[in-house]
file work22.txt (compact mmCIF, C-alpha atoms and all ligand atoms)
# COMPACT_ATOMS: atom_id res chain seq x y z
CA MET A 1 -130.36 183.63 100.09
CA THR A 2 -130.36 181.28 103.04
CA MET A 3 -129.11 178.07 101.42
CA ASN A 4 -125.68 176.98 100.23
CA ARG A 5 -125.67 174.74 97.12
CA ARG A 6 -122.82 172.22 97.21
CA ILE A 7 -121.44 169.58 94.84
CA LEU A 8 -120.14 166.49 96.62
CA LEU A 9 -118.06 163.54 95.48
CA ALA A 10 -120.42 160.53 95.29
CA LYS A 11 -117.91 157.99 93.90
CA ARG A 12 -114.46 158.06 92.37
CA PRO A 13 -114.41 158.65 88.60
CA VAL A 14 -112.89 155.98 86.39
CA GLY A 15 -111.31 157.77 83.45
CA LEU A 16 -113.25 160.92 82.59
CA ALA A 17 -115.65 162.27 85.22
CA ALA A 18 -119.31 161.29 84.86
CA GLN A 19 -122.36 163.07 86.25
CA ASP A 20 -123.20 160.26 88.70
CA ASP A 21 -119.73 160.55 90.27
CA PHE A 22 -121.18 163.65 91.95
CA SER A 23 -124.26 164.64 93.92
CA ALA A 24 -125.68 168.02 94.88
CA ASP A 25 -127.32 169.23 98.08
CA GLU A 26 -128.40 172.45 99.75
CA GLN A 27 -127.46 173.25 103.32
CA PRO A 28 -128.27 176.37 105.36
CA ILE A 29 -125.57 179.00 104.89
CA PRO A 30 -123.39 178.68 108.01
CA GLU A 31 -123.85 181.32 110.72
CA ILE A 32 -120.52 182.97 111.33
CA LYS A 33 -118.99 183.09 114.81
CA ALA A 34 -116.42 185.49 116.25
CA GLY A 35 -113.18 185.17 114.25
CA GLU A 36 -114.99 184.05 111.07
CA ALA A 37 -116.20 185.58 107.81
CA LEU A 38 -118.49 184.34 105.04
CA LEU A 39 -117.22 184.21 101.46
CA LYS A 40 -119.64 184.16 98.53
CA THR A 41 -118.07 182.26 95.63
CA LEU A 42 -117.84 184.16 92.33
CA TYR A 43 -115.64 181.81 90.25
CA ILE A 44 -114.08 178.43 90.82
CA GLY A 45 -110.89 177.52 89.02
CA ILE A 46 -111.06 174.26 87.07
CA ASP A 47 -107.52 172.98 87.46
CA PRO A 48 -106.18 169.58 86.33
CA THR A 49 -105.08 168.87 89.90
CA ILE A 50 -108.78 168.47 90.85
CA ARG A 51 -108.81 165.25 88.85
CA THR A 52 -105.93 163.88 90.93
CA TRP A 53 -107.74 164.82 94.19
CA LEU A 54 -110.78 162.80 93.04
CA SER A 55 -108.61 159.68 92.91
CA THR A 56 -106.63 158.02 95.69
CA ALA A 57 -103.32 158.87 93.96
CA LYS A 58 -100.63 160.36 96.21
CA SER A 59 -100.63 164.14 95.78
CA TYR A 60 -99.58 167.24 97.68
CA LEU A 61 -103.04 167.26 99.32
CA PRO A 62 -105.04 164.22 100.45
CA PRO A 63 -107.81 162.79 98.25
CA VAL A 64 -111.28 164.31 98.50
CA GLU A 65 -113.29 161.78 100.51
CA ILE A 66 -116.60 160.35 99.30
CA GLY A 67 -119.39 162.63 100.54
CA GLU A 68 -117.13 165.69 100.83
CA VAL A 69 -117.50 168.94 98.90
CA VAL A 70 -115.20 168.74 95.86
CA ARG A 71 -112.03 170.67 96.61
CA SER A 72 -111.25 173.56 94.29
CA ALA A 73 -109.58 176.93 94.40
CA GLY A 74 -111.89 179.86 93.88
CA VAL A 75 -112.42 183.55 94.33
CA GLY A 76 -115.22 185.22 96.19
CA ARG A 77 -116.47 188.34 97.92
CA VAL A 78 -116.74 188.62 101.71
CA VAL A 79 -120.43 189.17 102.50
CA GLU A 80 -120.32 189.01 106.34
CA SER A 81 -117.46 189.32 108.75
CA LYS A 82 -116.77 188.93 112.45
CA CYS A 83 -112.99 188.89 112.14
CA ASP A 84 -110.28 191.50 111.76
CA ARG A 85 -108.53 189.96 108.78
CA PHE A 86 -111.42 190.08 106.26
CA LYS A 87 -113.77 192.99 105.67
CA VAL A 88 -117.13 192.93 103.89
CA GLY A 89 -116.48 193.55 100.18
CA ASP A 90 -112.94 192.06 100.18
CA LEU A 91 -112.01 189.96 97.15
CA VAL A 92 -110.49 186.74 98.49
CA THR A 93 -109.09 183.52 97.02
CA GLN A 94 -108.99 180.25 98.94
CA LEU A 95 -109.90 176.59 98.50
CA VAL A 96 -113.60 177.48 98.32
CA GLY A 97 -114.73 174.08 97.03
CA TRP A 98 -117.63 173.46 94.67
CA GLN A 99 -120.16 175.43 96.70
CA GLU A 100 -121.75 178.85 96.81
CA TYR A 101 -120.44 179.92 100.23
CA SER A 102 -117.41 179.03 102.33
CA LEU A 103 -116.08 180.11 105.69
CA LEU A 104 -112.97 182.14 106.32
CA THR A 105 -111.18 182.30 109.64
CA ASP A 106 -108.31 184.42 110.89
CA ASP A 107 -105.90 181.58 110.11
CA SER A 108 -107.33 180.47 106.73
CA PHE A 109 -104.86 179.93 103.89
CA ALA A 110 -106.52 182.72 101.93
CA THR A 111 -105.37 185.82 100.09
CA VAL A 112 -107.04 189.22 99.88
CA PHE A 113 -106.63 190.81 96.44
CA PRO A 114 -106.97 194.53 95.67
CA GLY A 115 -110.65 195.30 95.06
CA SER A 116 -109.72 197.08 91.84
CA ILE A 117 -108.75 193.91 89.95
CA ASN A 118 -111.00 191.69 87.87
CA PRO A 119 -111.98 188.75 90.15
CA ARG A 120 -111.12 186.29 87.36
CA HIS A 121 -107.55 187.62 87.25
CA ALA A 122 -107.15 186.69 90.93
CA MET A 123 -107.46 183.06 89.82
CA GLY A 124 -105.34 183.15 86.68
CA ILE A 125 -103.05 185.81 85.34
CA LEU A 126 -102.49 187.47 88.74
CA GLY A 127 -103.11 184.40 90.92
CA SER A 128 -101.98 180.81 91.32
CA THR A 129 -101.56 180.17 87.57
CA ALA A 130 -99.24 183.15 87.31
CA VAL A 131 -97.16 182.04 90.28
CA ALA A 132 -96.79 178.51 88.86
CA ALA A 133 -95.88 179.76 85.37
CA TYR A 134 -93.47 182.45 86.54
CA ALA A 135 -91.81 180.52 89.36
CA GLY A 136 -91.54 177.31 87.35
CA LEU A 137 -89.96 179.03 84.39
CA ILE A 138 -87.81 181.66 86.09
CA TYR A 139 -86.70 179.98 89.34
CA VAL A 140 -86.65 176.33 88.21
CA GLY A 141 -86.05 176.63 84.44
CA ARG A 142 -83.71 179.65 84.72
CA PRO A 143 -83.89 180.60 81.03
CA LYS A 144 -81.15 182.77 79.54
CA GLU A 145 -81.56 185.19 76.67
CA GLY A 146 -81.28 183.45 73.30
CA GLU A 147 -82.15 180.00 74.65
CA THR A 148 -84.94 177.80 73.30
CA VAL A 149 -87.86 177.23 75.68
CA VAL A 150 -90.41 174.57 74.76
CA VAL A 151 -93.73 174.35 76.62
CA SER A 152 -96.55 171.82 76.30
CA ALA A 153 -100.28 172.61 76.73
CA ALA A 154 -99.15 175.93 75.27
CA ALA A 155 -102.66 177.31 74.68
CA GLY A 156 -103.71 176.49 78.24
CA ALA A 157 -103.61 178.62 81.38
CA THR A 158 -100.06 177.89 82.54
CA GLY A 159 -98.44 177.14 79.19
CA SER A 160 -99.66 180.33 77.52
CA MET A 161 -98.07 182.40 80.28
CA VAL A 162 -94.82 180.43 80.24
CA GLY A 163 -94.27 181.02 76.51
CA GLN A 164 -95.06 184.72 76.79
CA ILE A 165 -92.68 185.15 79.74
CA ALA A 166 -90.00 183.28 77.79
CA LYS A 167 -90.42 185.76 74.90
CA ILE A 168 -90.25 188.72 77.28
CA LYS A 169 -86.97 187.28 78.61
CA GLY A 170 -85.52 187.14 75.09
CA CYS A 171 -85.86 183.40 74.47
CA ARG A 172 -87.15 181.46 71.48
CA ALA A 173 -90.56 180.10 72.56
CA VAL A 174 -91.91 176.93 70.98
CA GLY A 175 -95.33 175.67 72.01
CA ILE A 176 -96.93 172.24 71.78
CA ALA A 177 -100.73 172.10 71.52
CA GLY A 178 -103.52 169.80 70.38
CA SER A 179 -104.94 171.45 67.25
CA ASP A 180 -103.94 173.62 64.29
CA ASP A 181 -106.30 176.34 65.55
CA LYS A 182 -104.64 176.34 68.95
CA CYS A 183 -101.21 176.47 67.33
CA ARG A 184 -102.30 179.47 65.24
CA HIS A 185 -103.53 181.17 68.43
CA VAL A 186 -100.26 180.44 70.22
CA VAL A 187 -98.16 182.01 67.44
CA GLU A 188 -100.44 184.81 66.20
CA ASN A 189 -102.05 185.99 69.45
CA LEU A 190 -99.52 184.98 72.10
CA GLY A 191 -96.39 185.71 70.05
CA PHE A 192 -94.60 182.34 70.31
CA ASP A 193 -92.03 181.70 67.55
CA ALA A 194 -93.55 178.34 66.59
CA CYS A 195 -96.05 175.74 67.75
CA ILE A 196 -96.33 172.01 67.06
CA ASN A 197 -99.68 170.23 66.86
CA TYR A 198 -98.86 167.02 68.72
CA LYS A 199 -101.88 165.27 67.20
CA ASN A 200 -100.35 165.52 63.69
CA ASP A 201 -97.87 162.93 62.40
CA GLY A 202 -94.17 163.78 62.43
CA PHE A 203 -93.77 165.23 65.92
CA ARG A 204 -90.07 164.38 66.08
CA GLU A 205 -89.31 166.07 62.75
CA ALA A 206 -91.39 169.10 63.74
CA LEU A 207 -89.43 169.38 67.01
CA ARG A 208 -86.17 169.20 65.06
CA GLU A 209 -87.31 171.90 62.64
CA THR A 210 -88.69 174.28 65.26
CA CYS A 211 -85.76 173.80 67.67
CA PRO A 212 -82.71 173.86 65.36
CA LYS A 213 -80.42 174.63 68.33
CA ARG A 214 -82.11 171.92 70.43
CA VAL A 215 -84.05 172.53 73.66
CA ASP A 216 -82.58 174.41 76.63
CA VAL A 217 -85.69 174.53 78.84
CA TYR A 218 -88.68 172.23 78.57
CA PHE A 219 -91.65 173.28 80.71
CA ASP A 220 -93.63 170.06 80.93
CA ASN A 221 -97.37 170.25 81.57
CA VAL A 222 -98.33 166.92 80.05
CA GLY A 223 -95.79 164.13 80.72
CA GLY A 224 -96.13 160.89 78.71
CA TRP A 225 -94.69 160.39 75.24
CA ILE A 226 -94.28 164.13 74.58
CA LEU A 227 -91.90 164.41 77.56
CA ASN A 228 -90.00 161.44 76.20
CA GLU A 229 -89.67 163.00 72.74
CA VAL A 230 -88.39 166.31 74.12
CA LEU A 231 -85.90 164.42 76.34
CA GLY A 232 -84.44 163.12 73.08
CA ARG A 233 -83.75 166.65 71.74
CA LEU A 234 -81.98 168.40 74.63
CA ASN A 235 -79.12 170.86 74.45
CA MET A 236 -76.12 170.71 76.79
CA GLY A 237 -77.13 171.80 80.30
CA ALA A 238 -80.86 171.56 79.56
CA ARG A 239 -83.43 172.02 82.33
CA ILE A 240 -86.72 170.07 82.39
CA VAL A 241 -89.33 171.76 84.57
CA LEU A 242 -91.88 169.18 85.73
CA CYS A 243 -95.04 171.20 86.26
CA GLY A 244 -97.68 168.56 85.58
CA ALA A 245 -98.54 165.46 83.60
CA ILE A 246 -102.14 165.84 82.43
CA SER A 247 -101.77 163.03 79.89
CA VAL A 248 -101.76 160.50 82.74
CA TYR A 249 -104.21 162.00 85.27
CA ASN A 250 -107.10 159.82 84.04
CA ALA A 251 -104.98 156.66 83.88
CA GLU A 252 -105.80 153.81 86.26
CA LYS A 253 -102.23 152.44 86.11
CA LYS A 254 -98.95 154.30 86.39
CA PRO A 255 -97.44 154.87 82.92
CA PRO A 256 -93.93 153.56 82.06
CA GLY A 257 -91.08 155.98 82.72
CA PRO A 258 -89.55 158.01 79.88
CA SER A 259 -86.91 155.86 78.19
CA ASN A 260 -85.00 158.91 76.88
CA TYR A 261 -84.12 160.06 80.41
CA LEU A 262 -80.56 158.73 79.93
CA ASN A 263 -80.01 161.67 77.61
CA LEU A 264 -79.94 163.86 80.74
CA ILE A 265 -76.59 162.24 81.57
CA THR A 266 -75.20 162.97 78.11
CA VAL A 267 -76.23 166.65 78.20
CA ARG A 268 -75.55 167.11 81.95
CA GLY A 269 -79.21 168.08 82.22
CA ARG A 270 -81.50 168.60 85.21
CA MET A 271 -85.12 167.52 85.63
CA GLU A 272 -86.92 169.10 88.59
CA GLY A 273 -90.48 169.08 89.86
CA PHE A 274 -91.95 172.06 91.67
CA ASN A 275 -95.17 173.23 93.29
CA GLY A 276 -96.23 176.79 92.62
CA MET A 277 -97.64 177.10 96.14
CA ASP A 278 -94.08 176.97 97.51
CA TYR A 279 -93.57 180.36 95.83
CA TRP A 280 -96.84 181.94 97.01
CA GLY A 281 -94.88 184.44 99.13
CA LYS A 282 -93.51 185.91 95.89
CA ARG A 283 -97.01 186.50 94.49
CA PRO A 284 -97.08 190.28 95.11
CA GLU A 285 -93.88 190.88 93.12
CA ILE A 286 -94.86 188.38 90.40
CA SER A 287 -98.30 190.03 90.17
CA ALA A 288 -96.78 193.49 89.90
CA GLU A 289 -94.52 192.35 87.05
CA LEU A 290 -97.45 190.74 85.23
CA GLN A 291 -99.64 193.81 85.63
CA ARG A 292 -96.85 195.87 84.08
CA TRP A 293 -96.52 193.45 81.15
CA MET A 294 -100.30 193.42 80.65
CA ALA A 295 -100.37 197.22 80.59
CA GLU A 296 -97.49 197.25 78.07
CA GLY A 297 -99.33 194.68 75.93
CA THR A 298 -96.56 192.06 76.09
CA MET A 299 -98.69 189.68 78.20
CA LYS A 300 -102.11 188.67 76.85
CA ASN A 301 -104.76 186.95 78.90
CA TYR A 302 -107.30 184.42 77.62
CA GLU A 303 -109.97 182.63 79.62
CA THR A 304 -112.71 180.07 79.02
CA ILE A 305 -115.74 180.63 81.24
CA VAL A 306 -118.52 178.09 81.82
CA ASP A 307 -121.68 179.18 83.63
CA GLY A 308 -123.08 177.41 86.68
CA LEU A 309 -121.83 175.32 89.59
CA ASP A 310 -123.71 172.26 88.34
CA GLU A 311 -121.52 172.29 85.20
CA ALA A 312 -118.28 172.00 87.19
CA TRP A 313 -117.86 168.22 86.75
CA ARG A 314 -118.37 168.46 82.98
CA THR A 315 -115.92 171.35 82.85
CA VAL A 316 -113.15 169.20 84.37
CA ASN A 317 -113.42 166.96 81.30
CA MET A 318 -112.83 169.97 79.03
CA LEU A 319 -109.23 170.02 80.27
CA PHE A 320 -108.73 166.53 78.88
CA SER A 321 -110.50 167.12 75.56
CA GLY A 322 -108.58 170.38 75.22
CA GLU A 323 -111.71 172.54 74.89
CA ASN A 324 -110.22 175.39 76.91
CA ILE A 325 -108.08 178.30 75.77
CA GLY A 326 -106.32 179.91 78.73
CA LYS A 327 -107.64 179.67 82.28
CA LEU A 328 -110.76 177.53 82.69
CA LEU A 329 -113.26 178.92 85.19
CA VAL A 330 -116.80 178.18 86.29
CA LYS A 331 -118.85 181.25 87.07
CA VAL A 332 -120.92 180.73 90.20
CA ALA A 333 -122.23 184.25 90.90
CA GLU A 334 -121.96 187.90 89.84
CA GLY A 335 -119.99 190.24 92.01
N1 LIG B 1 -96.80 172.29 89.73
C1 LIG B 1 -97.71 173.22 89.95
O1 LIG B 1 -97.64 173.99 90.90
C2 LIG B 1 -98.85 173.38 88.99
C3 LIG B 1 -99.71 174.50 89.06
C4 LIG B 1 -100.70 174.64 88.08
C5 LIG B 1 -100.86 173.66 87.10
N2 LIG B 1 -100.03 172.57 87.11
C6 LIG B 1 -100.09 171.56 86.04
O2 LIG B 1 -99.87 172.25 84.82
C7 LIG B 1 -100.56 171.60 83.77
C8 LIG B 1 -101.44 172.62 83.05
O3 LIG B 1 -102.44 173.07 83.95
P1 LIG B 1 -103.42 174.26 83.54
O4 LIG B 1 -104.27 174.54 84.71
O5 LIG B 1 -102.65 175.34 82.94
O6 LIG B 1 -104.34 173.54 82.45
P2 LIG B 1 -104.51 173.96 80.93
O7 LIG B 1 -103.18 173.86 80.28
O8 LIG B 1 -105.27 175.22 80.85
O9 LIG B 1 -105.46 172.80 80.40
C9 LIG B 1 -104.97 171.54 80.19
C10 LIG B 1 -104.57 171.34 78.71
O10 LIG B 1 -103.84 170.12 78.61
C11 LIG B 1 -103.91 169.65 77.28
N3 LIG B 1 -104.01 168.18 77.30
C12 LIG B 1 -105.01 167.43 77.79
N4 LIG B 1 -104.75 166.12 77.63
C13 LIG B 1 -103.54 166.05 77.01
C14 LIG B 1 -102.74 164.98 76.56
N5 LIG B 1 -103.12 163.69 76.72
N6 LIG B 1 -101.57 165.26 75.97
C15 LIG B 1 -101.16 166.53 75.79
N7 LIG B 1 -101.89 167.60 76.19
C16 LIG B 1 -103.07 167.37 76.80
C17 LIG B 1 -105.15 170.29 76.65
O11 LIG B 1 -104.71 171.11 75.57
P3 LIG B 1 -104.47 170.53 74.09
O12 LIG B 1 -105.67 170.88 73.29
O13 LIG B 1 -103.25 171.27 73.68
O14 LIG B 1 -104.27 169.05 74.20
C18 LIG B 1 -105.73 171.15 77.76
O15 LIG B 1 -106.25 172.38 77.29
C19 LIG B 1 -101.31 170.45 84.41
O16 LIG B 1 -100.55 169.27 84.29
C20 LIG B 1 -101.41 170.87 85.87
O17 LIG B 1 -101.57 169.77 86.73
C21 LIG B 1 -99.05 172.41 88.02
call {"tool": "encode", "arguments": {"input": "work22.txt", "output": "C-alpha cells", "more": "lines below"}}
Ligand SMILES: NC(=O)c1ccc[n+]([C@@H]2O[C@H](COP(=O)([O-])OP(=O)(O)OC[C@H]3O[C@@H](n4cnc5c(N)ncnc54)[C@H](OP(=O)(O)O)[C@@H]3O)[C@@H](O)[C@H]2O)c1
result
Amino acid sequence: MTMNRRILLAKRPVGLAAQDDFSADEQPIPEIKAGEALLKTLYIGIDPTIRTWLSTAKSYLPPVEIGEVVRSAGVGRVVESKCDRFKVGDLVTQLVGWQEYSLLTDDSFATVFPGSINPRHAMGILGSTAVAAYAGLIYVGRPKEGETVVVSAAAGATGSMVGQIAKIKGCRAVGIAGSDDKCRHVVENLGFDACINYKNDGFREALRETCPKRVDVYFDNVGGWILNEVLGRLNMGARIVLCGAISVYNAEKKPPGPSNYLNLITVRGRMEGFNGMDYWGKRPEISAELQRWMAEGTMKNYETIVDGLDEAWRTVNMLFSGENIGKLLVKVAEG
C-alpha cells in the first residue's frame, strides 16, 4: 500500500449527514521522520460528538474545517516507527480521523494499549466510552447502594455501561431506550431492573411506575424533553449527570431550556456536566476494574460494526435513528 484514503468534510450537514457533505481522496502515505511513527487505522469510533464537530457549534474541540479530514477517535496498529514511544506492532488509540493512516509523534495525545486486548475494546469497553461511563456515574453521579439510577440511550455504548455499573454498585437501574426490542435487551441481557421505551405514550406514568422511590441519579445522554421529564421526578439530593444531549445535535437552533429545572431547588439537587477526557489519567484503574467485571460476567459488551471507511458518514446517522446496540464502530482494516 502506498496511498492513504481519506474522507474530508466538503460542506456542513444540515440535519442528518448526507453523502455530498463529504468527499474522498487518496494521498501518498506520509514518509515518517525522526520522532514519528505511522499508525494504520483498524477501527474508527462513531461517536455522537462527531456530529457537533461538523457544525460550527461551540464544543470542547474546534469545528472540523471544510476540506479537512473528518475528526474521529480510532484505534490502529503501528506499522513503522522512528520514535522511542511507539514500537511496530503497538495497539494505539488517538484522533486518527476518517483515514487509513495517521502520524504519531512523541508528544501525540495517544495511548498504547496492551497488545493482548481486542482492538475494538480499546475504543469502547476499555477505552474512552468506559472512562466516560465510569467517571460520569461514579465521580459525578456518586451513586449509593439502594439508590435509583436512571440512564437514557440505555442500549447505547455509554448508557449500557452506566446501567451495568449502577447494578454492580447495588443500585436500582432504570433505562430509557427507543424501542421495545432495545428495552428487552437492556433488561434481559444487560440486567437493568426496568426500561422505558420513550417512543411509547405514557412516559411520565412509566417513569413513576419504574421509579417508585423517585430518581436519585439521572445520567443524561439525550437532553431535550426526556431530561425535562426526569427533572420532574427527582428525589431529595438528586444528581443529574450531563453527559450528552444527542436529541439536539442535529438541531439548527438551540432548544428551549428544561422548564422543570426549578425542581432542583426543591430537592436540593445538583446538575453537573463533565467530559470523560478529564478523567483519562484514571483509565488504567477503570480498565482493570472493567476487565475484572467482564471476566466475572457482570459486565457485558455489545458492539455494532459497519464495514468500510466510505460508510462512515452513513454510520453517523445510525446514532440518530438508533440503529446501534452498544459501541458503534467502522472497521477500516484487519489487524
Ligand atoms: N461527556 C462525555 O465525555 C461524553 C463521552 C462519550 C459520549 N458522550 C455523550 O453520550 C451520549 C451517548 O453517546 P454514545 O457514544 O454512547 O452513543 P450511543 O448511546 O451508543 O448512541 C446514541 C443513541 O442515542 C439514542 N438517540 C438518538 N436520538 C435520540 C433522541 N432524539 N432522543 C433520545 N435518544 C436518542 C439512540 O438510541 P435509541 O434507539 O434509544 O433512541 C442511539 O442509539 C451522547 O450524547 C454523547 O455525545 C459524552
call {"tool": "atom_distance", "arguments": {"input": "work22.txt", "atom1": "CA of Ser116 in chain A", "atom2": "CA of Ala155 in chain A"}}
result
27.1 Å
call {"tool": "residues_near_ligand", "arguments": {"input": "work22.txt", "ligand": "ligand LIG 1 (chain B)", "cutoff": "7 Å", "atoms": "all atoms listed in the file", "output": "MDAnalysis selection string"}}
result
chainID A and resid 47:49 129 132 152:159 176:179 221:222 243:248 274:277 319:328
call {"tool": "residues_near_point", "arguments": {"input": "work22.txt", "point": "(-110.8, 186.0, 84.1)", "cutoff": "9 Å", "atoms": "all atoms listed in the file", "output": "ChimeraX atom specification"}}
result
/A:43,118-125,301-305,327-329
call {"tool": "atom_distance", "arguments": {"input": "work22.txt", "atom1": "CA of Leu207 in chain A", "atom2": "CA of Ala194 in chain A"}}
result
9.9 Å
call {"tool": "axis_aligned_box", "arguments": {"input": "work22.txt", "around": "range 33-47 of chain A", "padding_each_side": "3 Å", "output": "AutoDock Vina command-line options"}}
result
--center_x -113.6 --center_y 179.3 --center_z 101.7 --size_x 18.1 --size_y 18.6 --size_z 35.2
call {"tool": "atom_distance", "arguments": {"input": "work22.txt", "atom1": "CA of Ala312 in chain A", "atom2": "CA of Val330 in chain A"}}
result
6.4 Å
call {"tool": "closest_residue", "arguments": {"input": "work22.txt", "among": "A:Met299, A:Leu231, A:Val14, A:Ile226", "to": "Ser287 in chain A", "atoms": "only C-alpha atoms"}}
result
A:Met299
call {"tool": "closest_residue", "arguments": {"input": "work22.txt", "among": "A:His185, A:Lys144, A:Arg270, A:Lys40", "to": "Arg172 in chain A", "atoms": "all atoms listed in the file"}}
result
A:Lys144
